[in-house]
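Please read the structure below before turning to the comments.
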Amino acid sequence: MKVRASIKSLKNQPGAQVVRRRGRVYVINKQNPRFKGRQG
């Protein structure tokens, strides 16, 4: 998982979902689990 300042490139991937958990923003991707990320 990448921890990054901007997750814009990850959310543009097909199948990506942006989810807020515990004050952090996560990108989860069931189609291609390589594209996971966290912001904050």
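Residue numbering restarts at 1 in every chain; chains get A, B, ... in the order shown in the structure tokens, and ligands count up from 1 in that same order.
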
Would you give me, as JSON, numbers by chain, the residues in chain A that DSSP reads as alpha helix (DSSP H)?
{"A": [8, 9, 10, 11]}

In chain A, DSSP strand (DSSP E or B) residues written as a PyMOL selection string:
chain A and resi 2-3+16-21+24-29+37-39

File of the preceding selection, N, CA and C atoms, as a PDB file, in the first residue's frame:
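See part36.pdb below for the written result:
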```
ATOM      1  N   LYS A   2       0.488   2.225  -0.805  1.00  0.00           N
ATOM      2  CA  LYS A   2       1.221   3.487  -0.859  1.00  0.00           C
ATOM      3  C   LYS A   2       0.585   4.481   0.105  1.00  0.00           C
ATOM      4  N   VAL A   3       1.416   5.181   0.855  1.00  0.00           N
ATOM      5  CA  VAL A   3       0.948   6.285   1.684  1.00  0.00           C
ATOM      6  C   VAL A   3       1.406   7.542   0.977  1.00  0.00           C
ATOM      7  N   ALA A  16     -11.655   1.425  -8.701  1.00  0.00           N
ATOM      8  CA  ALA A  16     -11.186   2.026  -7.454  1.00  0.00           C
ATOM      9  C   ALA A  16     -12.340   2.660  -6.690  1.00  0.00           C
ATOM     10  N   GLN A  17     -12.314   2.509  -5.360  1.00  0.00           N
ATOM     11  CA  GLN A  17     -13.300   3.121  -4.480  1.00  0.00           C
ATOM     12  C   GLN A  17     -12.568   3.934  -3.436  1.00  0.00           C
ATOM     13  N   VAL A  18     -13.050   5.146  -3.192  1.00  0.00           N
ATOM     14  CA  VAL A  18     -12.479   6.001  -2.158  1.00  0.00           C
ATOM     15  C   VAL A  18     -13.327   5.847  -0.906  1.00  0.00           C
ATOM     16  N   VAL A  19     -12.681   5.476   0.210  1.00  0.00           N
ATOM     17  CA  VAL A  19     -13.387   5.166   1.453  1.00  0.00           C
ATOM     18  C   VAL A  19     -12.749   5.954   2.590  1.00  0.00           C
ATOM     19  N   ARG A  20     -13.554   6.509   3.471  1.00  0.00           N
ATOM     20  CA  ARG A  20     -13.041   7.204   4.669  1.00  0.00           C
ATOM     21  C   ARG A  20     -13.191   6.290   5.866  1.00  0.00           C
ATOM     22  N   ARG A  21     -12.072   6.032   6.538  1.00  0.00           N
ATOM     23  CA  ARG A  21     -12.088   5.217   7.756  1.00  0.00           C
ATOM     24  C   ARG A  21     -11.173   5.857   8.786  1.00  0.00           C
ATOM     25  N   ARG A  24      -9.001   8.835   7.936  1.00  0.00           N
ATOM     26  CA  ARG A  24      -8.056   8.701   6.847  1.00  0.00           C
ATOM     27  C   ARG A  24      -8.827   8.364   5.580  1.00  0.00           C
ATOM     28  N   VAL A  25      -8.255   8.692   4.451  1.00  0.00           N
ATOM     29  CA  VAL A  25      -8.871   8.394   3.164  1.00  0.00           C
ATOM     30  C   VAL A  25      -8.116   7.221   2.558  1.00  0.00           C
ATOM     31  N   TYR A  26      -8.849   6.166   2.219  1.00  0.00           N
ATOM     32  CA  TYR A  26      -8.254   4.978   1.619  1.00  0.00           C
ATOM     33  C   TYR A  26      -8.799   4.791   0.212  1.00  0.00           C
ATOM     34  N   VAL A  27      -7.991   4.243  -0.654  1.00  0.00           N
ATOM     35  CA  VAL A  27      -8.456   3.779  -1.955  1.00  0.00           C
ATOM     36  C   VAL A  27      -8.342   2.272  -1.944  1.00  0.00           C
ATOM     37  N   ILE A  28      -9.483   1.600  -2.160  1.00  0.00           N
ATOM     38  CA  ILE A  28      -9.467   0.142  -2.244  1.00  0.00           C
ATOM     39  C   ILE A  28      -9.896  -0.247  -3.646  1.00  0.00           C
ATOM     40  N   ASN A  29      -9.345  -1.329  -4.133  1.00  0.00           N
ATOM     41  CA  ASN A  29      -9.622  -1.755  -5.495  1.00  0.00           C
ATOM     42  C   ASN A  29      -9.739  -3.272  -5.522  1.00  0.00           C
ATOM     43  N   GLY A  37      -4.251   2.493  -1.510  1.00  0.00           N
ATOM     44  CA  GLY A  37      -3.529   3.660  -1.019  1.00  0.00           C
ATOM     45  C   GLY A  37      -4.203   4.266   0.178  1.00  0.00           C
ATOM     46  N   ARG A  38      -3.433   5.093   0.893  1.00  0.00           N
ATOM     47  CA  ARG A  38      -3.945   5.783   2.057  1.00  0.00           C
ATOM     48  C   ARG A  38      -3.470   7.221   2.017  1.00  0.00           C
ATOM     49  N   GLN A  39      -4.343   8.126   2.425  1.00  0.00           N
ATOM     50  CA  GLN A  39      -3.973   9.539   2.512  1.00  0.00           C
ATOM     51  C   GLN A  39      -4.286  10.034   3.905  1.00  0.00           C
TER      52      GLN A  39
END
```

Between atom CA of A:Lys8 and atom CA of A:Phe35, measure the distance and give it in Å to one decimal.
11.6 Å
